[in-house]
$ cat data.txt   # compact mmCIF, C-alpha atoms and all ligand atoms
# COMPACT_ATOMS: atom_id res chain seq x y z
CA MET A 1 173.18 409.35 118.25
CA PRO A 2 169.96 407.54 117.34
CA GLU A 3 170.30 403.89 116.34
CA PRO A 4 170.35 403.50 112.57
CA THR A 5 167.24 401.75 111.29
CA HIS A 6 167.37 399.02 108.71
CA ARG A 7 164.00 399.26 107.08
CA LEU A 8 163.39 397.93 103.61
CA ALA A 9 162.13 400.19 100.85
CA THR A 10 158.74 398.48 101.09
CA ASP A 11 158.43 398.90 104.88
CA THR A 12 155.34 400.65 106.20
CA ASP A 13 153.65 400.70 109.58
CA ASN A 14 150.63 399.04 108.08
CA GLY A 15 151.42 395.45 109.06
CA MET A 16 148.50 393.47 110.46
CA LEU A 17 148.22 389.94 111.72
CA LEU A 18 144.90 388.30 110.84
CA VAL A 19 143.84 384.98 112.34
CA ILE A 20 141.07 383.01 110.66
CA SER A 21 139.62 379.91 112.28
CA GLY A 22 136.58 377.74 111.87
CA PRO A 23 135.70 374.07 111.72
CA SER A 24 136.40 372.00 108.61
CA GLY A 25 133.44 372.40 106.32
CA ALA A 26 132.63 375.97 107.36
CA GLY A 27 134.25 377.37 104.23
CA LYS A 28 137.20 378.91 106.04
CA THR A 29 139.80 378.08 103.39
CA THR A 30 137.68 379.53 100.56
CA ILE A 31 137.04 382.69 102.57
CA THR A 32 140.71 383.00 103.53
CA ARG A 33 141.82 382.69 99.91
CA ALA A 34 139.22 385.29 98.84
CA ILE A 35 140.53 387.79 101.41
CA GLU A 36 144.07 387.09 100.25
CA ARG A 37 143.11 387.80 96.63
CA SER A 38 141.13 390.96 97.32
CA ILE A 39 143.70 392.73 99.50
CA PRO A 40 146.80 393.43 97.39
CA ASP A 41 149.46 393.21 100.10
CA ALA A 42 147.98 390.19 101.89
CA VAL A 43 150.15 387.11 102.33
CA PHE A 44 149.02 383.69 103.46
CA SER A 45 151.19 382.10 106.15
CA ILE A 46 152.07 378.54 105.19
CA SER A 47 151.75 376.36 108.29
CA ALA A 48 154.03 373.50 109.16
CA THR A 49 152.30 370.18 109.82
CA THR A 50 153.09 366.55 110.54
CA ARG A 51 149.78 365.31 109.12
CA PRO A 52 149.96 363.07 106.04
CA ARG A 53 149.40 364.79 102.71
CA THR A 54 146.03 364.29 101.04
CA GLY A 55 145.71 364.22 97.24
CA GLU A 56 144.66 367.88 97.25
CA ASP A 57 147.66 369.19 99.21
CA VAL A 58 150.63 370.85 97.55
CA ASP A 59 153.81 370.88 99.64
CA GLY A 60 155.07 374.43 100.20
CA VAL A 61 151.75 375.93 99.06
CA ASP A 62 149.06 374.54 101.36
CA TYR A 63 151.43 373.37 104.08
CA GLN A 64 155.06 372.78 104.77
CA PHE A 65 155.00 369.04 105.50
CA MET A 66 157.42 368.07 108.22
CA SER A 67 158.55 364.98 110.14
CA ILE A 68 157.54 364.71 113.80
CA GLU A 69 161.25 364.85 114.75
CA ASP A 70 161.80 368.08 112.84
CA PHE A 71 158.62 369.63 114.26
CA GLU A 72 159.55 368.74 117.84
CA ARG A 73 163.08 370.06 117.38
CA ARG A 74 161.64 373.41 116.28
CA ILE A 75 159.27 373.50 119.29
CA LYS A 76 162.28 373.06 121.59
CA ALA A 77 164.15 375.80 119.72
CA ASP A 78 161.12 378.10 120.30
CA GLU A 79 160.72 378.71 116.56
CA PHE A 80 156.91 378.63 116.62
CA LEU A 81 154.63 381.63 117.17
CA GLU A 82 151.99 379.02 118.01
CA HIS A 83 151.53 375.31 117.61
CA ALA A 84 148.87 372.77 118.45
CA VAL A 85 147.91 369.14 118.14
CA TYR A 86 144.77 368.78 116.05
CA ALA A 87 143.18 365.37 115.30
CA GLY A 88 146.43 363.70 116.39
CA ASN A 89 148.81 365.76 114.21
CA HIS A 90 151.05 368.74 114.92
CA TYR A 91 150.29 372.08 113.21
CA GLY A 92 152.19 375.30 113.74
CA THR A 93 153.17 378.75 112.51
CA LEU A 94 156.86 379.63 112.39
CA GLN A 95 157.52 383.03 113.97
CA ALA A 96 160.33 384.28 111.69
CA PRO A 97 158.43 384.51 108.37
CA VAL A 98 155.50 386.23 110.13
CA ASP A 99 157.80 388.87 111.62
CA THR A 100 159.47 389.48 108.25
CA GLN A 101 156.16 390.06 106.47
CA LEU A 102 154.74 392.26 109.25
CA SER A 103 157.86 394.44 109.14
CA ARG A 104 157.18 394.92 105.43
CA GLY A 105 153.72 396.24 106.28
CA ARG A 106 151.88 393.21 104.95
CA LEU A 107 148.55 391.77 106.02
CA VAL A 108 149.64 388.33 107.25
CA ILE A 109 146.86 385.74 107.31
CA LEU A 110 147.05 382.71 109.60
CA GLU A 111 144.49 379.98 109.05
CA ILE A 112 144.78 378.16 112.36
CA ASP A 113 142.70 376.42 115.01
CA VAL A 114 141.34 377.80 118.30
CA GLN A 115 144.27 376.58 120.42
CA GLY A 116 146.64 378.42 118.08
CA ALA A 117 144.53 381.58 118.02
CA LYS A 118 144.67 381.80 121.81
CA GLN A 119 148.48 381.57 121.77
CA VAL A 120 148.74 384.22 119.03
CA LYS A 121 146.53 386.61 120.99
CA GLU A 122 148.74 386.13 124.05
CA ARG A 123 152.02 386.65 122.20
CA MET A 124 150.80 389.31 119.78
CA PRO A 125 147.74 391.06 121.28
CA ASP A 126 147.32 393.38 118.27
CA ALA A 127 146.37 390.40 116.13
CA PHE A 128 142.78 390.41 114.85
CA ALA A 129 140.89 387.12 114.91
CA ILE A 130 137.82 386.02 112.93
CA PHE A 131 135.94 382.76 113.45
CA ILE A 132 133.89 381.34 110.55
CA LEU A 133 130.72 379.53 111.59
CA PRO A 134 128.50 377.21 109.54
CA PRO A 135 124.79 378.18 109.50
CA SER A 136 124.00 375.17 111.72
CA GLU A 137 125.48 371.91 113.01
CA GLU A 138 123.24 369.90 110.66
CA GLU A 139 124.47 371.89 107.68
CA LEU A 140 128.07 371.38 108.78
CA LEU A 141 127.66 367.60 108.93
CA GLN A 142 126.02 367.67 105.53
CA ARG A 143 128.91 369.64 104.05
CA LEU A 144 131.51 367.33 105.57
CA ARG A 145 129.72 364.35 104.02
CA THR A 146 129.35 365.81 100.54
CA ARG A 147 133.06 366.62 100.34
CA LYS A 148 133.58 362.82 100.26
CA ARG A 149 137.25 363.35 100.86
CA GLU A 150 137.31 361.15 103.92
CA SER A 151 135.86 358.02 105.49
CA GLU A 152 132.70 358.21 107.64
CA GLU A 153 134.79 357.56 110.74
CA ILE A 154 137.05 360.54 110.03
CA ILE A 155 134.04 362.69 109.13
CA GLU A 156 132.46 361.92 112.51
CA ARG A 157 135.72 362.65 114.29
CA ARG A 158 135.98 366.01 112.50
CA PHE A 159 132.32 366.77 113.26
CA ASN A 160 132.78 366.16 116.99
CA LEU A 161 135.96 368.22 116.98
CA ALA A 162 134.13 370.99 115.12
CA ARG A 163 131.38 371.16 117.73
CA ALA A 164 133.92 371.35 120.55
CA GLU A 165 135.90 373.97 118.62
CA MET A 166 132.85 376.18 118.03
CA ASN A 167 131.96 376.07 121.74
CA GLU A 168 135.53 376.85 122.73
CA ALA A 169 135.72 379.72 120.22
CA ARG A 170 132.61 381.34 121.67
CA ALA A 171 133.83 380.87 125.25
CA CYS A 172 137.53 381.72 125.07
CA GLY A 173 137.39 385.42 124.17
CA ALA A 174 140.18 385.20 121.56
CA TYR A 175 137.93 386.16 118.61
CA ASP A 176 137.10 389.72 117.61
CA ALA A 177 134.45 388.77 115.06
CA PHE A 178 132.26 385.83 114.02
CA VAL A 179 131.12 385.42 110.41
CA VAL A 180 128.34 382.96 109.57
CA ASN A 181 128.87 381.31 106.20
CA ASP A 182 125.32 380.72 104.99
CA ASP A 183 125.78 382.26 101.56
CA LEU A 184 129.46 382.13 100.53
CA ASP A 185 129.61 385.44 98.61
CA THR A 186 127.93 387.29 101.48
CA ALA A 187 130.32 385.74 104.02
CA ILE A 188 133.35 386.69 101.89
CA ALA A 189 132.13 390.29 101.51
CA GLU A 190 131.47 390.53 105.25
CA ALA A 191 134.92 389.16 106.17
CA ILE A 192 136.66 391.56 103.74
CA ARG A 193 134.64 394.50 105.07
CA ILE A 194 135.60 393.69 108.68
CA VAL A 195 139.30 393.36 107.82
CA LYS A 196 139.42 396.61 105.83
CA GLU A 197 137.56 398.46 108.57
CA ARG A 198 139.99 397.22 111.21
CA ARG A 199 143.03 398.08 109.15
CA GLY A 200 141.80 401.61 108.46
P1 LIG B 301 143.42 370.38 107.88
O1 LIG B 301 144.12 369.12 108.25
O2 LIG B 301 141.96 370.19 107.59
O3 LIG B 301 144.13 371.10 106.74
O4 LIG B 301 143.51 371.37 109.13
C1 LIG B 301 143.01 370.95 110.37
C2 LIG B 301 142.94 372.12 111.33
O5 LIG B 301 144.25 372.59 111.64
C3 LIG B 301 142.16 373.31 110.80
O6 LIG B 301 141.29 373.77 111.82
C4 LIG B 301 143.25 374.31 110.51
O7 LIG B 301 142.77 375.63 110.62
C5 LIG B 301 144.24 373.99 111.60
N1 LIG B 301 145.58 374.49 111.29
C6 LIG B 301 146.20 374.56 110.09
N2 LIG B 301 147.40 375.12 110.21
C7 LIG B 301 147.57 375.41 111.53
C8 LIG B 301 148.61 376.03 112.29
O8 LIG B 301 149.65 376.45 111.79
N3 LIG B 301 148.40 376.15 113.62
C9 LIG B 301 147.27 375.74 114.23
N4 LIG B 301 147.17 375.93 115.54
N5 LIG B 301 146.27 375.16 113.55
C10 LIG B 301 146.41 375.01 112.22

$ encode --input "data.txt" --output "structure tokens"
Amino acid sequence: MPEPTHRLATDTDNGMLLVISGPSGAGKTTITRAIERSIPDAVFSISATTRPRTGEDVDGVDYQFMSIEDFERRIKADEFLEHAVYAGNHYGTLQAPVDTQLSRGRLVILEIDVQGAKQVKERMPDAFAIFILPPSEEELLQRLRTRKRESEEIIERRFNLARAEMNEARACGAYDAFVVNDDLDTAIAEAIRIVKERRG
């Protein structure tokens, strides 16, 4: 007798895991949200983080804010698909909600850093990963400054991290595509085209 299957009415085999990375200031969040809006069954994976909330963050929408103790307990319990320390704070993707959405045939979007992308590619090799690049390093620094969300010291720290992250992204082989965000609308269209093409 074959095992009974317990698929939901909405289940399809169309599930796809999409990783989007890029340095702060490259426009990654805007591009991610545009992909989410333009593909009807796309869902954004809400990451857990221990970083302090900024004025712009909404708990449960942008991130699930968590204590360090809670985060570390979940690492030990192997609840994360991937996790990383970025600028001194923990960030991670819980495995269970990702699996649930993939089994429903959804396009699941993870907006995560390079360390995380490498782990996802190891654990789930069918994942597709896109890295968003700024047109140049000078332009990136300019964009970080005009956001005025942070002090100059933090901006410089993010800029140095961004440079290291871009080098690592090119070298590590985890990314299937690179999209340069010179003109935002063009970059959004390009990212959506690549995702749709991959999904078939
Ligand atoms: P921010 O503090 O600016 O929101 O995010 C800082 C960095 O952490 C960004 O590069 C962002 O993509 C990354 N990040 C956000 N969520 C996750 C996550 O769940 N896992 C990993 N590995 N990185 C994440």

$ closest_residue --input "data.txt" --among "A:Tyr175, A:Gly27, A:Tyr63, A:Ala77" --to "His90 (chain A)" --atoms "all atoms listed in the file"
A:Tyr63

$ residues_around --input "data.txt" --residues "region 112-120 of chain A" --least-positions-apart "4" --cutoff "9 Å" --atoms "all atoms listed in the file" --output "list of chain:residue names"
A:Val19, A:Ile20, A:Ser21, A:Gly22, A:Pro23, A:Ser47, A:Leu81, A:Glu82, A:His83, A:Ala84, A:Val85, A:Tyr86, A:Tyr91, A:Gly92, A:Thr93, A:Met124, A:Pro125, A:Ala127, A:Ala129, A:Phe131, A:Glu165, A:Met166, A:Glu168, A:Ala169, A:Cys172, A:Gly173, A:Ala174, A:Tyr175

$ closest_residue --input "data.txt" --among "A:Lys196, A:Arg74, A:Lys28, A:Arg147" --to "ligand LIG 301 (chain B)" --atoms "all atoms listed in the file"
A:Lys28

$ closest_residue --input "data.txt" --among "A:Arg145, A:Val180, A:Glu111, A:Gly105" --to "Leu133 (chain A)" --atoms "all atoms listed in the file"
A:Val180

$ axis_aligned_box --input "data.txt" --around "ligand LIG 301 (chain B)" --padding-each-side "8 Å" --output "JSON"
{"center_x": 145.5, "center_y": 372.8, "center_z": 111.1, "size_x": 24.4, "size_y": 23.3, "size_z": 24.8}

$ atom_distance --input "data.txt" --atom1 "atom C4 of ligand LIG 301 (chain B)" --atom2 "CA of Arg104 (chain A)"
25.4 Å

$ atom_distance --input "data.txt" --atom1 "atom C5 of ligand LIG 301 (chain B)" --atom2 "CA of Arg157 (chain A)"
14.4 Å

$ atom_distance --input "data.txt" --atom1 "atom O3 of ligand LIG 301 (chain B)" --atom2 "CA of Asp185 (chain A)"
22.0 Å

$ residues_around --input "data.txt" --residues "Gly15 (chain A)" --least-positions-apart "5" --cutoff "9 Å" --atoms "all atoms listed in the file" --output "list in words"
Gln101, Leu102, Ser103, Arg104, Gly105, Arg106, Leu107, Val108 and Arg199 of chain A

$ closest_residue --input "data.txt" --among "A:Lys76, A:Arg158, A:Arg198, A:Arg37" --to "ligand LIG 301 (chain B)" --atoms "all atoms listed in the file"
A:Arg158

$ residues_around --input "data.txt" --residues "Asp183 (chain A)" --least-positions-apart "5" --cutoff "10 Å" --atoms "only C-alpha atoms" --output "MDAnalysis selection string"
chainID A and resid 134:135 188

$ closest_residue --input "data.txt" --among "A:Thr100, A:Thr186, A:Asn160, A:Thr54" --to "ligand LIG 301 (chain B)" --atoms "only C-alpha atoms and all ligand atoms"
A:Thr54

$ residues_near_point --input "data.txt" --point "(137.1, 392.7, 110.2)" --cutoff "9 Å" --atoms "only C-alpha atoms" --output "PyMOL selection string"
chain A and resi 18+128-130+176-177+190-199

$ decode --input "data.txt" --residues "region 18-55 of chain A" --atoms "N, CA, C and O atoms" --output "PDB file, in the first residue's frame"
ATOM      1  N   LEU A  18      14.086  31.531  -3.067  1.00  0.00           N
ATOM      2  CA  LEU A  18      14.855  32.606  -3.698  1.00  0.00           C
ATOM      3  C   LEU A  18      15.623  33.371  -2.631  1.00  0.00           C
ATOM      4  O   LEU A  18      15.034  33.867  -1.673  1.00  0.00           O
ATOM      5  N   VAL A  19      16.935  33.441  -2.817  1.00  0.00           N
ATOM      6  CA  VAL A  19      17.789  34.197  -1.896  1.00  0.00           C
ATOM      7  C   VAL A  19      18.168  35.511  -2.563  1.00  0.00           C
ATOM      8  O   VAL A  19      18.581  35.518  -3.722  1.00  0.00           O
ATOM      9  N   ILE A  20      17.997  36.606  -1.843  1.00  0.00           N
ATOM     10  CA  ILE A  20      18.444  37.903  -2.368  1.00  0.00           C
ATOM     11  C   ILE A  20      19.393  38.530  -1.359  1.00  0.00           C
ATOM     12  O   ILE A  20      19.073  38.650  -0.176  1.00  0.00           O
ATOM     13  N   SER A  21      20.578  38.889  -1.838  1.00  0.00           N
ATOM     14  CA  SER A  21      21.571  39.530  -0.981  1.00  0.00           C
ATOM     15  C   SER A  21      22.096  40.774  -1.657  1.00  0.00           C
ATOM     16  O   SER A  21      21.874  40.992  -2.851  1.00  0.00           O
ATOM     17  N   GLY A  22      22.824  41.547  -0.892  1.00  0.00           N
ATOM     18  CA  GLY A  22      23.445  42.751  -1.428  1.00  0.00           C
ATOM     19  C   GLY A  22      23.770  43.650  -0.256  1.00  0.00           C
ATOM     20  O   GLY A  22      23.149  43.524   0.797  1.00  0.00           O
ATOM     21  N   PRO A  23      24.741  44.533  -0.423  1.00  0.00           N
ATOM     22  CA  PRO A  23      25.101  45.404   0.690  1.00  0.00           C
ATOM     23  C   PRO A  23      24.009  46.416   1.012  1.00  0.00           C
ATOM     24  O   PRO A  23      23.185  46.723   0.146  1.00  0.00           O
ATOM     25  N   SER A  24      23.989  46.918   2.252  1.00  0.00           N
ATOM     26  CA  SER A  24      23.046  47.995   2.570  1.00  0.00           C
ATOM     27  C   SER A  24      23.301  49.140   1.617  1.00  0.00           C
ATOM     28  O   SER A  24      24.447  49.472   1.341  1.00  0.00           O
ATOM     29  N   GLY A  25      22.251  49.711   1.099  1.00  0.00           N
ATOM     30  CA  GLY A  25      22.408  50.843   0.192  1.00  0.00           C
ATOM     31  C   GLY A  25      22.381  50.441  -1.263  1.00  0.00           C
ATOM     32  O   GLY A  25      22.350  51.296  -2.146  1.00  0.00           O
ATOM     33  N   ALA A  26      22.336  49.137  -1.544  1.00  0.00           N
ATOM     34  CA  ALA A  26      22.289  48.700  -2.949  1.00  0.00           C
ATOM     35  C   ALA A  26      20.862  48.675  -3.479  1.00  0.00           C
ATOM     36  O   ALA A  26      20.645  48.493  -4.668  1.00  0.00           O
ATOM     37  N   GLY A  27      19.894  48.819  -2.584  1.00  0.00           N
ATOM     38  CA  GLY A  27      18.497  48.823  -3.020  1.00  0.00           C
ATOM     39  C   GLY A  27      17.836  47.460  -2.933  1.00  0.00           C
ATOM     40  O   GLY A  27      16.749  47.240  -3.459  1.00  0.00           O
ATOM     41  N   LYS A  28      18.498  46.560  -2.194  1.00  0.00           N
ATOM     42  CA  LYS A  28      18.026  45.176  -2.115  1.00  0.00           C
ATOM     43  C   LYS A  28      16.621  45.050  -1.531  1.00  0.00           C
ATOM     44  O   LYS A  28      15.797  44.283  -2.039  1.00  0.00           O
ATOM     45  N   THR A  29      16.332  45.807  -0.490  1.00  0.00           N
ATOM     46  CA  THR A  29      15.003  45.693   0.140  1.00  0.00           C
ATOM     47  C   THR A  29      13.909  46.156  -0.815  1.00  0.00           C
ATOM     48  O   THR A  29      12.875  45.499  -0.957  1.00  0.00           O
ATOM     49  N   THR A  30      14.129  47.269  -1.503  1.00  0.00           N
ATOM     50  CA  THR A  30      13.152  47.783  -2.466  1.00  0.00           C
ATOM     51  C   THR A  30      12.924  46.767  -3.581  1.00  0.00           C
ATOM     52  O   THR A  30      11.780  46.510  -3.984  1.00  0.00           O
ATOM     53  N   ILE A  31      13.999  46.179  -4.069  1.00  0.00           N
ATOM     54  CA  ILE A  31      13.889  45.206  -5.155  1.00  0.00           C
ATOM     55  C   ILE A  31      13.173  43.948  -4.659  1.00  0.00           C
ATOM     56  O   ILE A  31      12.290  43.411  -5.332  1.00  0.00           O
ATOM     57  N   THR A  32      13.516  43.509  -3.456  1.00  0.00           N
ATOM     58  CA  THR A  32      12.866  42.322  -2.882  1.00  0.00           C
ATOM     59  C   THR A  32      11.364  42.545  -2.760  1.00  0.00           C
ATOM     60  O   THR A  32      10.559  41.685  -3.136  1.00  0.00           O
ATOM     61  N   ARG A  33      10.974  43.706  -2.236  1.00  0.00           N
ATOM     62  CA  ARG A  33       9.549  43.994  -2.051  1.00  0.00           C
ATOM     63  C   ARG A  33       8.827  44.089  -3.409  1.00  0.00           C
ATOM     64  O   ARG A  33       7.669  43.698  -3.525  1.00  0.00           O
ATOM     65  N   ALA A  34       9.524  44.584  -4.423  1.00  0.00           N
ATOM     66  CA  ALA A  34       8.913  44.680  -5.764  1.00  0.00           C
ATOM     67  C   ALA A  34       8.685  43.284  -6.351  1.00  0.00           C
ATOM     68  O   ALA A  34       7.646  43.027  -6.968  1.00  0.00           O
ATOM     69  N   ILE A  35       9.618  42.381  -6.150  1.00  0.00           N
ATOM     70  CA  ILE A  35       9.453  40.999  -6.632  1.00  0.00           C
ATOM     71  C   ILE A  35       8.263  40.369  -5.907  1.00  0.00           C
ATOM     72  O   ILE A  35       7.409  39.728  -6.516  1.00  0.00           O
ATOM     73  N   GLU A  36       8.225  40.591  -4.599  1.00  0.00           N
ATOM     74  CA  GLU A  36       7.148  40.018  -3.783  1.00  0.00           C
ATOM     75  C   GLU A  36       5.776  40.492  -4.301  1.00  0.00           C
ATOM     76  O   GLU A  36       4.838  39.709  -4.402  1.00  0.00           O
ATOM     77  N   ARG A  37       5.690  41.771  -4.634  1.00  0.00           N
ATOM     78  CA  ARG A  37       4.410  42.323  -5.095  1.00  0.00           C
ATOM     79  C   ARG A  37       4.020  41.829  -6.486  1.00  0.00           C
ATOM     80  O   ARG A  37       2.851  41.659  -6.782  1.00  0.00           O
ATOM     81  N   SER A  38       5.038  41.600  -7.340  1.00  0.00           N
ATOM     82  CA  SER A  38       4.700  41.297  -8.740  1.00  0.00           C
ATOM     83  C   SER A  38       4.475  39.808  -8.990  1.00  0.00           C
ATOM     84  O   SER A  38       3.986  39.440 -10.048  1.00  0.00           O
ATOM     85  N   ILE A  39       4.829  38.955  -8.049  1.00  0.00           N
ATOM     86  CA  ILE A  39       4.614  37.520  -8.239  1.00  0.00           C
ATOM     87  C   ILE A  39       3.565  37.087  -7.198  1.00  0.00           C
ATOM     88  O   ILE A  39       3.816  37.137  -5.995  1.00  0.00           O
ATOM     89  N   PRO A  40       2.375  36.712  -7.665  1.00  0.00           N
ATOM     90  CA  PRO A  40       1.229  36.567  -6.756  1.00  0.00           C
ATOM     91  C   PRO A  40       1.427  35.586  -5.597  1.00  0.00           C
ATOM     92  O   PRO A  40       0.937  35.840  -4.504  1.00  0.00           O
ATOM     93  N   ASP A  41       2.148  34.497  -5.815  1.00  0.00           N
ATOM     94  CA  ASP A  41       2.271  33.545  -4.699  1.00  0.00           C
ATOM     95  C   ASP A  41       3.600  33.676  -3.945  1.00  0.00           C
ATOM     96  O   ASP A  41       4.010  32.767  -3.232  1.00  0.00           O
ATOM     97  N   ALA A  42       4.255  34.826  -4.091  1.00  0.00           N
ATOM     98  CA  ALA A  42       5.522  35.035  -3.387  1.00  0.00           C
ATOM     99  C   ALA A  42       5.273  35.386  -1.920  1.00  0.00           C
ATOM    100  O   ALA A  42       4.327  36.096  -1.599  1.00  0.00           O
ATOM    101  N   VAL A  43       6.104  34.858  -1.045  1.00  0.00           N
ATOM    102  CA  VAL A  43       6.036  35.244   0.370  1.00  0.00           C
ATOM    103  C   VAL A  43       7.431  35.627   0.855  1.00  0.00           C
ATOM    104  O   VAL A  43       8.417  34.988   0.513  1.00  0.00           O
ATOM    105  N   PHE A  44       7.477  36.679   1.643  1.00  0.00           N
ATOM    106  CA  PHE A  44       8.736  37.152   2.188  1.00  0.00           C
ATOM    107  C   PHE A  44       8.989  36.446   3.519  1.00  0.00           C
ATOM    108  O   PHE A  44       8.107  36.405   4.386  1.00  0.00           O
ATOM    109  N   SER A  45      10.163  35.871   3.672  1.00  0.00           N
ATOM    110  CA  SER A  45      10.504  35.191   4.922  1.00  0.00           C
ATOM    111  C   SER A  45      10.968  36.225   5.951  1.00  0.00           C
ATOM    112  O   SER A  45      11.898  36.985   5.693  1.00  0.00           O
ATOM    113  N   ILE A  46      10.289  36.259   7.077  1.00  0.00           N
ATOM    114  CA  ILE A  46      10.650  37.237   8.114  1.00  0.00           C
ATOM    115  C   ILE A  46      11.775  36.657   8.966  1.00  0.00           C
ATOM    116  O   ILE A  46      11.602  35.641   9.636  1.00  0.00           O
ATOM    117  N   SER A  47      12.942  37.303   8.899  1.00  0.00           N
ATOM    118  CA  SER A  47      14.109  36.814   9.628  1.00  0.00           C
ATOM    119  C   SER A  47      13.999  37.115  11.112  1.00  0.00           C
ATOM    120  O   SER A  47      13.358  38.088  11.516  1.00  0.00           O
ATOM    121  N   ALA A  48      14.666  36.278  11.891  1.00  0.00           N
ATOM    122  CA  ALA A  48      14.830  36.575  13.309  1.00  0.00           C
ATOM    123  C   ALA A  48      16.128  37.365  13.475  1.00  0.00           C
ATOM    124  O   ALA A  48      17.096  37.131  12.740  1.00  0.00           O
ATOM    125  N   THR A  49      16.149  38.313  14.380  1.00  0.00           N
ATOM    126  CA  THR A  49      17.395  39.046  14.639  1.00  0.00           C
ATOM    127  C   THR A  49      17.481  39.500  16.093  1.00  0.00           C
ATOM    128  O   THR A  49      16.460  39.706  16.748  1.00  0.00           O
ATOM    129  N   THR A  50      18.733  39.654  16.546  1.00  0.00           N
ATOM    130  CA  THR A  50      18.968  40.197  17.887  1.00  0.00           C
ATOM    131  C   THR A  50      19.347  41.675  17.811  1.00  0.00           C
ATOM    132  O   THR A  50      19.623  42.285  18.834  1.00  0.00           O
ATOM    133  N   ARG A  51      19.384  42.252  16.591  1.00  0.00           N
ATOM    134  CA  ARG A  51      19.809  43.650  16.523  1.00  0.00           C
ATOM    135  C   ARG A  51      18.707  44.553  17.073  1.00  0.00           C
ATOM    136  O   ARG A  51      17.530  44.216  16.993  1.00  0.00           O
ATOM    137  N   PRO A  52      19.091  45.706  17.652  1.00  0.00           N
ATOM    138  CA  PRO A  52      18.072  46.615  18.177  1.00  0.00           C
ATOM    139  C   PRO A  52      17.186  47.141  17.062  1.00  0.00           C
ATOM    140  O   PRO A  52      17.643  47.300  15.927  1.00  0.00           O
ATOM    141  N   ARG A  53      15.940  47.397  17.389  1.00  0.00           N
ATOM    142  CA  ARG A  53      15.008  47.946  16.393  1.00  0.00           C
ATOM    143  C   ARG A  53      15.348  49.382  16.087  1.00  0.00           C
ATOM    144  O   ARG A  53      15.640  50.153  16.982  1.00  0.00           O
ATOM    145  N   THR A  54      15.288  49.763  14.791  1.00  0.00           N
ATOM    146  CA  THR A  54      15.396  51.179  14.435  1.00  0.00           C
ATOM    147  C   THR A  54      13.963  51.715  14.337  1.00  0.00           C
ATOM    148  O   THR A  54      13.008  50.929  14.357  1.00  0.00           O
ATOM    149  N   GLY A  55      13.832  53.026  14.204  1.00  0.00           N
ATOM    150  CA  GLY A  55      12.508  53.638  14.121  1.00  0.00           C
ATOM    151  C   GLY A  55      11.663  53.115  12.969  1.00  0.00           C
ATOM    152  O   GLY A  55      10.438  53.118  13.035  1.00  0.00           O
TER     153      GLY A  55
END
